[in-house]
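Peer 1: Here it is: the structure, laid out below.
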Amino acid sequence: MRILLIHSDNIEYEVVSKTKMAETEIVPRDAMQDALVAFCSVESIDEEDIDDIIAQAVAEITTVADKIGAARVMIYPYAHLSSDLAKPDIAVTVLKEIENTLSTATSLEVKRAPFGYYKKFTVTCKGHPLSELSRELVPGEGGDAAKKPFKKEITRDWFVLTPDGRKHDWQEYNNNITPFGCLVQKELGTAEPVGGEPIHVEIMRSKELADYEPSSDVGNLRWRPKGKLIRDLLADYVLQLTLAHGAEPVETPVMYDLADPAINEHAAKFGERQYRFKSNNRSMMLRFAACFGMFCTMRDMHISPHNLPMKMYELSTYSFRHEQRGEVIGLKRLRGFTMPDMHSLTADMDQACECFEQQMMIGWQTGEDFNTDLVAVFRCTKQFYDEHGSWVKKIAAMSKKTMLIEILSDRVHYWIAKIDLAAIDSQNRPIENPTVQIDVESAARFHISYRDMANTEIHPPILHCSPTGSLERVLCAILESTGRMQVPMLPVWLSPIQVRVVPVAERHVEAASALMNRLNDEFMIRADVDDRDESMGRKVREAAVEWIPYTVVIGDDEAKSGKYSVSIREKAELNKLYKENLSLEELVAAVRVAIGSKPVRPIYTTKWMSRRARYY
RNA sequence: GCCGUUGUGGCUUAGCGGUAUAGCGGCUGAUUCGUAAUCAGCAGGUCGAGGGUUCAAGUCCCUCCAACGGCUCCA
């Protein structure tokens, strides 16, 4: 809905002739002095939720009237503010309801010009700064003023469960010293804000990984070659994990038609934070997770008990959530992000719990692989806890971790039980990463079912699992963890450049390039060569500033002996390089050991530094 | 979205009513170098955007935009 608001000294109109959508029972001629005139266009997108759009319009008009001190309001239908109008009967309903609500719920005196007539009118504008305003209202984006009043009252109980199966008061763990304590503080609302900027934002920009993109929407990043490489490696990593777990990869669309009832219901359930748009006359949404596509895929499959559990995996590049302005930060909260998303159909709750255990353990595994210290909060409904209390103890024991437990009096969302694993950032705030959830609603909604031995139709419980959390958040957690290192660096397998070859003088560039090429081509190690006309001291320094794990110097001595002087960042101390003399074979072996079984990709940046363009 | 803080060349920053500072980075030249910054010169700014106050506005006021902090929220 579009509204043009004019604070006028005088507004008067007179009906001239009818159009074919004219309403009946009208006031053919009227006038108002010292009134706020609201020229309104009801648009087709408003049809999605007219109650919401009415509430927003009323809130908006009331606010403006209050601000400018107007006591009278004239609602004036004005089709020409939009090129995508609602159906006339709906528009009339909306306008009448705005008039009604304003006159009953506020002290404003309200009139409304008739809909569907050609009218002549005069309006004089007062001309002060607030006397002309326009507003564009979209259903679901009204904020607090138009929030739906109805929300079920939910109570939450908290306690802490140790691996030995004992319950503890959460107060005992309420501190800002351990990562788990930080989680408890944040979840229970007792955290003291630390303030300051998260360090990962500075790192992601200065290391040329990712940056803000002013020409897009807030929270949609641009990725530079080094950051793109890290994303791709992380994607490879999650793919390895999910394949090993028996999931089948798929890829599904990023946008969906809200005319599909299951899509619409699933989307509506999750509220306002969506990108929505019109494409011709269809109302579309951008996915906020990969559920949509995978559920649609599953509903078109013949499923029998033999197929279960059935696991499907997608790397949702991208998922979109229209997070509120003030919530978007760095790599932690984005509007466009990449979520590894796995869904498992399970025969029954026992199988669901079994899969849950396995997938939770994968989550813990990722924490070890990324060297991010994860902490856990397990949430479930009271009913689930009453039935599966001993199982909850079991997963704490399996995890060998102390867990925060939240028991909800009723089911709020689609899940009845979930676990969230979080790293803690440099400001003691959790970065929620891996998660597993048991969903008992979606199968029915999307008509996903199988028949058991007795031929009864069963809607299987579905597990949602992100083994790592969004790739951006994984990187966020990794970068935040470097803040706690004396000599910060990325894990070798994620380092965009693993080996930097530094020739001592120009005459060594050829040998350096040859070495660099062998590392890339023969050994799949990402190496480049600093062939710029700079002093060696500077080149070594810049390699360190770039967090290059291995810097190889090559000069006359090396050419003769075949042993290279290698500075190894992992073993360095603050402002003190650590050097070893290594043969090519020894260097390759060292890098291989550091990479382990993690994914390998070729270098994405130019291999000759002299040809590399610098970013601003 | 709400409250607050901040916004000066690509980055870090000085100036806080009176001619836009500097360092890094960039470019050009010299230098061919042994492990965290070789030397010199040059270019680069409508001080986030728009409005206002003033003889005069990065500097004061208003609106907007953006980043960050807090709140709400993260399904």
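Letters for chains follow the order of the structure tokens (A, B, ...), residue numbers begin at 1 for each chain, and ligand numbers begin at 1 in the order shown.
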Kindly provide, as a short mmCIF file (atom, residue, chain, number, x, y, z; two decimals) with N, CA and C atoms (P, O5', C5', C4', C3', O3' and C1' of nucleotides), in the first residue's frame, the residues of chain B having any atom no farther than 8 Å from an atom of chain A, counting only C-alpha atoms (C1' of nucleotides).
Peer 2:
data_model
loop_
_atom_site.label_atom_id
_atom_site.label_comp_id
_atom_site.auth_asym_id
_atom_site.auth_seq_id
_atom_site.Cartn_x
_atom_site.Cartn_y
_atom_site.Cartn_z
P G B 1 14.69 -0.42 9.19
"O5'" G B 1 13.86 -0.42 10.55
"C5'" G B 1 12.52 0.00 10.51
"C4'" G B 1 11.94 -0.30 11.86
"C3'" G B 1 12.59 0.47 12.99
"O3'" G B 1 12.01 1.75 13.12
"C1'" G B 1 12.45 -1.83 13.58
P G B 10 39.02 7.03 -1.80
"O5'" G B 10 39.56 5.64 -1.26
"C5'" G B 10 38.75 4.46 -1.46
"C4'" G B 10 39.51 3.27 -0.95
"C3'" G B 10 39.86 3.34 0.52
"O3'" G B 10 38.82 2.81 1.32
"C1'" G B 10 41.80 2.82 -0.73
P C B 11 38.52 3.40 2.76
"O5'" C B 11 39.74 2.85 3.61
"C5'" C B 11 39.79 1.47 3.98
"C4'" C B 11 41.02 1.22 4.82
"C3'" C B 11 41.11 2.09 6.07
"O3'" C B 11 40.40 1.53 7.15
"C1'" C B 11 43.17 2.17 4.91
P U B 32 71.96 -2.13 -7.53
"O5'" U B 32 71.15 -3.37 -6.97
"C5'" U B 32 71.37 -3.87 -5.66
"C4'" U B 32 70.82 -5.29 -5.57
"C3'" U B 32 71.48 -6.27 -6.53
"O3'" U B 32 71.56 -7.54 -5.93
"C1'" U B 32 69.16 -6.22 -6.92
P C B 33 72.68 -7.93 -4.98
"O5'" C B 33 71.82 -8.15 -3.67
"C5'" C B 33 72.34 -7.77 -2.42
"C4'" C B 33 71.24 -7.20 -1.55
"C3'" C B 33 70.43 -8.22 -0.77
"O3'" C B 33 70.42 -7.86 0.59
"C1'" C B 33 69.04 -6.60 -1.76
P G B 34 71.40 -8.61 1.57
"O5'" G B 34 70.52 -9.86 1.96
"C5'" G B 34 69.26 -9.64 2.57
"C4'" G B 34 68.86 -10.86 3.35
"C3'" G B 34 69.78 -11.18 4.52
"O3'" G B 34 68.97 -11.80 5.51
"C1'" G B 34 69.79 -12.99 3.03
P U B 35 68.98 -11.18 7.03
"O5'" U B 35 67.45 -11.26 7.45
"C5'" U B 35 66.50 -10.37 6.85
"C4'" U B 35 65.12 -10.96 6.99
"C3'" U B 35 64.82 -11.49 8.39
"O3'" U B 35 63.46 -11.27 8.66
"C1'" U B 35 64.54 -13.21 6.81
P A B 36 62.90 -10.50 9.95
"O5'" A B 36 61.48 -10.07 9.36
"C5'" A B 36 61.40 -9.30 8.16
"C4'" A B 36 60.43 -8.16 8.37
"C3'" A B 36 60.77 -7.29 9.57
"O3'" A B 36 60.38 -5.95 9.29
"C1'" A B 36 58.69 -8.32 9.91
P A B 37 61.52 -4.81 9.13
"O5'" A B 37 61.44 -4.30 7.64
"C5'" A B 37 60.49 -4.79 6.70
"C4'" A B 37 60.22 -3.70 5.69
"C3'" A B 37 61.06 -2.42 5.83
"O3'" A B 37 61.05 -1.75 4.59
"C1'" A B 37 58.85 -1.94 6.41
P U B 38 61.97 -2.04 3.37
"O5'" U B 38 62.80 -0.70 3.22
"C5'" U B 38 63.97 -0.48 3.98
"C4'" U B 38 64.94 0.34 3.18
"C3'" U B 38 64.38 1.69 2.72
"O3'" U B 38 64.43 2.68 3.73
"C1'" U B 38 65.48 0.61 0.91
P C B 68 28.61 -3.78 10.97
"O5'" C B 68 28.89 -3.25 12.44
"C5'" C B 68 30.19 -3.33 13.00
"C4'" C B 68 30.27 -2.51 14.25
"C3'" C B 68 29.33 -2.91 15.38
"O3'" C B 68 29.80 -4.03 16.09
"C1'" C B 68 29.24 -0.58 15.12
P G B 69 28.78 -4.99 16.85
"O5'" G B 69 28.36 -4.14 18.13
"C5'" G B 69 29.32 -3.88 19.15
"C4'" G B 69 28.68 -3.05 20.23
"C3'" G B 69 27.38 -3.60 20.79
"O3'" G B 69 27.60 -4.59 21.76
"C1'" G B 69 27.10 -1.32 20.30
P G B 70 26.54 -5.77 21.94
"O5'" G B 70 25.26 -5.04 22.54
"C5'" G B 70 25.25 -4.63 23.90
"C4'" G B 70 24.00 -3.85 24.20
"C3'" G B 70 22.69 -4.58 23.95
"O3'" G B 70 22.37 -5.48 24.98
"C1'" G B 70 22.54 -2.40 23.06
P A B 75 16.43 -19.93 14.81
"O5'" A B 75 15.17 -20.87 14.85
"C5'" A B 75 14.03 -20.57 15.61
"C4'" A B 75 12.83 -20.71 14.70
"C3'" A B 75 13.07 -21.59 13.48
"O3'" A B 75 12.97 -22.95 13.82
"C1'" A B 75 11.95 -19.64 12.84
#
Peer 1: Which polymer residues have any atom within 8 Å of an atom of A:Ser426, counting only C-alpha atoms (C1' of nucleotides), with same-chain residues fewer than 4 positions away left out, as JSON, numbers by chain?
Peer 2: {"A": [198, 199, 480, 481, 483]}
Peer 1: With a distance cut-off of 12 Å and only C-alpha atoms (C1' of nucleotides), select the neighbouring residues of A:Leu519, excluding the residue or stretch itself and same-chain residues fewer than 6 positions from it, and output the selection as a ChimeraX atom specification.
Peer 2: /A:497-501,512-513,525-529,552,584-585,587-589,591-592,602-603,607
Peer 1: Please list as a list in words every residue within 10 Å of stretch 486-491 of chain A, counting only C-alpha atoms (C1' of nucleotides) and excluding residues in the same chain fewer than 5 positions away.
Peer 2: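 Here the qualifying residues turn out to be Asp369, Phe370, Asn371, Leu475, Ile478, Leu479, Ser481, Pro496, Gln498, Ala544, Val545, Glu546, Trp547, Ile548, Pro549, Arg569, Glu570, Lys571, Ala572, Glu573, Leu574, Asn575, Lys576, Ala594 and Ile595 of chain A.
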Peer 1: At a cut-off of 12 Å, using only C-alpha atoms (C1' of nucleotides), what residues contact B:A22? Leave out same-chain residues fewer than 3 positions from it and give the result as a list in words.
Peer 2: U12, U13, A14 and G15 of chain B
Peer 1: Can I get the selection written as a PDB file, in the first residue's frame, with N, CA, C and O atoms (P, O5', C5', C4', C3', O3' and C1' of nucleotides)?
Peer 2:
ATOM      1  P     U B  12      39.794   2.482   8.262  1.00  0.00           P
ATOM      2  O5'   U B  12      41.094   3.025   9.008  1.00  0.00           O
ATOM      3  C5'   U B  12      41.811   2.192   9.913  1.00  0.00           C
ATOM      4  C4'   U B  12      42.997   2.949  10.481  1.00  0.00           C
ATOM      5  C3'   U B  12      42.661   4.267  11.168  1.00  0.00           C
ATOM      6  O3'   U B  12      42.186   4.096  12.485  1.00  0.00           O
ATOM      7  C1'   U B  12      44.511   4.575   9.728  1.00  0.00           C
ATOM      8  P     U B  13      41.160   5.161  13.073  1.00  0.00           P
ATOM      9  O5'   U B  13      41.790   6.576  12.701  1.00  0.00           O
ATOM     10  C5'   U B  13      42.428   7.337  13.703  1.00  0.00           C
ATOM     11  C4'   U B  13      43.366   8.366  13.129  1.00  0.00           C
ATOM     12  C3'   U B  13      42.913   9.819  13.237  1.00  0.00           C
ATOM     13  O3'   U B  13      43.030  10.294  14.564  1.00  0.00           O
ATOM     14  C1'   U B  13      43.997   9.462  11.159  1.00  0.00           C
ATOM     15  P     A B  14      42.081  11.440  15.056  1.00  0.00           P
ATOM     16  O5'   A B  14      42.885  12.720  14.563  1.00  0.00           O
ATOM     17  C5'   A B  14      44.200  12.955  15.063  1.00  0.00           C
ATOM     18  C4'   A B  14      44.748  14.256  14.547  1.00  0.00           C
ATOM     19  C3'   A B  14      43.839  15.472  14.692  1.00  0.00           C
ATOM     20  O3'   A B  14      43.861  15.979  16.003  1.00  0.00           O
ATOM     21  C1'   A B  14      44.913  15.483  12.577  1.00  0.00           C
ATOM     22  P     G B  15      42.566  16.623  16.682  1.00  0.00           P
ATOM     23  O5'   G B  15      42.243  17.859  15.734  1.00  0.00           O
ATOM     24  C5'   G B  15      43.063  19.020  15.777  1.00  0.00           C
ATOM     25  C4'   G B  15      42.744  19.917  14.591  1.00  0.00           C
ATOM     26  C3'   G B  15      41.358  20.566  14.672  1.00  0.00           C
ATOM     27  O3'   G B  15      41.500  21.872  15.206  1.00  0.00           O
ATOM     28  C1'   G B  15      41.706  19.558  12.525  1.00  0.00           C
TER      29        G B  15
END
Peer 1: Give the alpha helix (DSSP H) residues of stretch 122-342 of chain A, as assigned by DSSP on the backbone, as a ChimeraX atom specification.
Peer 2: /A:179-188,199-206,225-244,261-269,291-299
Peer 1: In Å to one decimal, how far is atom CA of A:Pro461 from atom CA of A:Val392?
Peer 2: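 It comes out at 17.7 Å.
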Peer 1: Find the spatial neighbours of B:A57, counting only C-alpha atoms (C1' of nucleotides), within a cut-off of 12 Å - ignore same-chain residues fewer than 3 positions away - and output them as a PDB file with N, CA and C atoms (P, O5', C5', C4', C3', O3' and C1' of nucleotides), in the first residue's frame.
Peer 2:
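selection24.pdb, written as the output of this step:
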ATOM      1  P     C B  16      40.431  22.459  16.290  1.00  0.00           P
ATOM      2  O5'   C B  16      39.026  22.211  15.584  1.00  0.00           O
ATOM      3  C5'   C B  16      38.145  23.288  15.328  1.00  0.00           C
ATOM      4  C4'   C B  16      36.730  22.860  15.649  1.00  0.00           C
ATOM      5  C3'   C B  16      36.345  22.892  17.138  1.00  0.00           C
ATOM      6  O3'   C B  16      35.196  23.734  17.327  1.00  0.00           O
ATOM      7  C1'   C B  16      36.014  20.709  16.197  1.00  0.00           C
ATOM      8  P     G B  17      35.231  25.178  17.594  1.00  0.00           P
ATOM      9  O5'   G B  17      34.699  25.476  16.130  1.00  0.00           O
ATOM     10  C5'   G B  17      34.668  26.769  15.712  1.00  0.00           C
ATOM     11  C4'   G B  17      34.750  26.766  14.234  1.00  0.00           C
ATOM     12  C3'   G B  17      35.571  27.924  13.698  1.00  0.00           C
ATOM     13  O3'   G B  17      36.197  27.543  12.498  1.00  0.00           O
ATOM     14  C1'   G B  17      33.359  28.081  12.924  1.00  0.00           C
ATOM     15  P     G B  18      37.819  27.473  12.490  1.00  0.00           P
ATOM     16  O5'   G B  18      38.186  28.377  11.240  1.00  0.00           O
ATOM     17  C5'   G B  18      37.833  27.945   9.935  1.00  0.00           C
ATOM     18  C4'   G B  18      38.270  28.954   8.901  1.00  0.00           C
ATOM     19  C3'   G B  18      39.710  29.435   9.049  1.00  0.00           C
ATOM     20  O3'   G B  18      40.290  29.575   7.757  1.00  0.00           O
ATOM     21  C1'   G B  18      38.220  31.277   9.193  1.00  0.00           C
ATOM     22  P     C B  47      33.098  17.761   0.956  1.00  0.00           P
ATOM     23  O5'   C B  47      33.876  16.458   1.494  1.00  0.00           O
ATOM     24  C5'   C B  47      33.162  15.416   2.126  1.00  0.00           C
ATOM     25  C4'   C B  47      33.949  14.922   3.307  1.00  0.00           C
ATOM     26  C3'   C B  47      33.208  15.042   4.632  1.00  0.00           C
ATOM     27  O3'   C B  47      33.280  13.797   5.303  1.00  0.00           O
ATOM     28  C1'   C B  47      35.352  16.059   4.788  1.00  0.00           C
ATOM     29  P     G B  52      18.845  25.100   1.928  1.00  0.00           P
ATOM     30  O5'   G B  52      18.900  25.466   3.479  1.00  0.00           O
ATOM     31  C5'   G B  52      17.687  25.727   4.170  1.00  0.00           C
ATOM     32  C4'   G B  52      17.897  25.669   5.658  1.00  0.00           C
ATOM     33  C3'   G B  52      18.745  26.780   6.256  1.00  0.00           C
ATOM     34  O3'   G B  52      18.032  27.990   6.388  1.00  0.00           O
ATOM     35  C1'   G B  52      19.352  24.703   7.221  1.00  0.00           C
ATOM     36  P     U B  53      18.798  29.365   6.279  1.00  0.00           P
ATOM     37  O5'   U B  53      19.593  29.439   7.658  1.00  0.00           O
ATOM     38  C5'   U B  53      18.885  29.548   8.888  1.00  0.00           C
ATOM     39  C4'   U B  53      19.859  29.594  10.036  1.00  0.00           C
ATOM     40  C3'   U B  53      20.968  30.633   9.911  1.00  0.00           C
ATOM     41  O3'   U B  53      20.537  31.931  10.293  1.00  0.00           O
ATOM     42  C1'   U B  53      21.892  28.561  10.574  1.00  0.00           C
ATOM     43  P     U B  54      20.918  33.197   9.348  1.00  0.00           P
ATOM     44  O5'   U B  54      22.491  33.312   9.475  1.00  0.00           O
ATOM     45  C5'   U B  54      23.084  33.610  10.731  1.00  0.00           C
ATOM     46  C4'   U B  54      24.582  33.492  10.617  1.00  0.00           C
ATOM     47  C3'   U B  54      25.211  34.274   9.460  1.00  0.00           C
ATOM     48  O3'   U B  54      25.386  35.646   9.780  1.00  0.00           O
ATOM     49  C1'   U B  54      26.115  32.075   9.559  1.00  0.00           C
ATOM     50  P     C B  60      30.201  20.044  15.412  1.00  0.00           P
ATOM     51  O5'   C B  60      29.087  21.189  15.503  1.00  0.00           O
ATOM     52  C5'   C B  60      28.979  22.018  16.647  1.00  0.00           C
ATOM     53  C4'   C B  60      27.709  22.822  16.571  1.00  0.00           C
ATOM     54  C3'   C B  60      26.487  22.059  16.076  1.00  0.00           C
ATOM     55  O3'   C B  60      25.865  21.324  17.113  1.00  0.00           O
ATOM     56  C1'   C B  60      26.643  24.091  14.900  1.00  0.00           C
ATOM     57  P     C B  61      25.004  20.043  16.775  1.00  0.00           P
ATOM     58  O5'   C B  61      23.690  20.671  16.138  1.00  0.00           O
ATOM     59  C5'   C B  61      22.738  21.368  16.920  1.00  0.00           C
ATOM     60  C4'   C B  61      21.540  21.720  16.065  1.00  0.00           C
ATOM     61  C3'   C B  61      20.915  20.536  15.350  1.00  0.00           C
ATOM     62  O3'   C B  61      20.019  19.831  16.186  1.00  0.00           O
ATOM     63  C1'   C B  61      21.231  22.296  13.800  1.00  0.00           C
TER      64        C B  61
END
Peer 1: According to DSSP computed on the backbone, where in stretch 78-322 of chain A is there strand (DSSP E)? Give the residues as a VMD selection string.
Peer 2: chain A and resid 109 to 112 117 to 125 132 to 136 156 to 161 167 to 168 210 to 212 221 to 223 248 to 249 255 to 257 276 to 279 282 to 286 310 to 320
Peer 1: So, counting only C-alpha atoms, which residue among A:Val201, A:Val110, A:Val184, A:Val254 is closest to A:Trp170?
Peer 2: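 For A:Trp170, the nearest of the given residues is A:Val184.
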Peer 1: May I have the residues within 8 Å of stretch 227-241 of chain A as a ChimeraX atom specification, using only C-alpha atoms (C1' of nucleotides) and disregarding those fewer than 6 positions away in the same chain?
Peer 2: /A:208-210,315,340,362,467-468,471-472,494-496,598-601,603-604
Peer 1: For the residues selected in the previous step, produce a file with C-alpha atoms as a PDB file, in the first residue's frame.
Peer 2:
ATOM      1  CA  GLU A 208      40.834  -9.607   1.293  1.00  0.00           C
ATOM      2  CA  LEU A 209      38.330 -12.363   1.983  1.00  0.00           C
ATOM      3  CA  ALA A 210      34.993 -10.592   1.818  1.00  0.00           C
ATOM      4  CA  LEU A 315      24.293 -26.485   0.205  1.00  0.00           C
ATOM      5  CA  PRO A 340      24.535 -26.531   4.501  1.00  0.00           C
ATOM      6  CA  ILE A 362      29.092 -34.753  13.402  1.00  0.00           C
ATOM      7  CA  PRO A 467      26.444 -30.014  10.381  1.00  0.00           C
ATOM      8  CA  THR A 468      28.373 -26.746  10.536  1.00  0.00           C
ATOM      9  CA  LEU A 471      29.548 -21.249   5.968  1.00  0.00           C
ATOM     10  CA  GLU A 472      29.781 -17.546   6.743  1.00  0.00           C
ATOM     11  CA  LEU A 494      42.005 -23.178   4.551  1.00  0.00           C
ATOM     12  CA  SER A 495      44.878 -20.786   3.908  1.00  0.00           C
ATOM     13  CA  PRO A 496      44.299 -19.224   0.490  1.00  0.00           C
ATOM     14  CA  LYS A 598      40.946 -32.037   4.571  1.00  0.00           C
ATOM     15  CA  PRO A 599      39.858 -30.882   1.103  1.00  0.00           C
ATOM     16  CA  VAL A 600      42.368 -29.603  -1.426  1.00  0.00           C
ATOM     17  CA  ARG A 601      41.785 -26.990  -4.098  1.00  0.00           C
ATOM     18  CA  ILE A 603      45.130 -21.527  -5.820  1.00  0.00           C
ATOM     19  CA  TYR A 604      42.583 -18.892  -6.904  1.00  0.00           C
TER      20      TYR A 604
END
Peer 1: Tell me, in Å to one decimal, how far atom CA of A:Ala559 is from atom CA of A:Ala511.
Peer 2: 7.7 Å
Peer 1: Could you work out how far atom CA of A:Leu183 lies from atom CA of A:Gln437, giving the answer in Å with one decimal?
Peer 2: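 Interatomic distance here is 19.2 Å.
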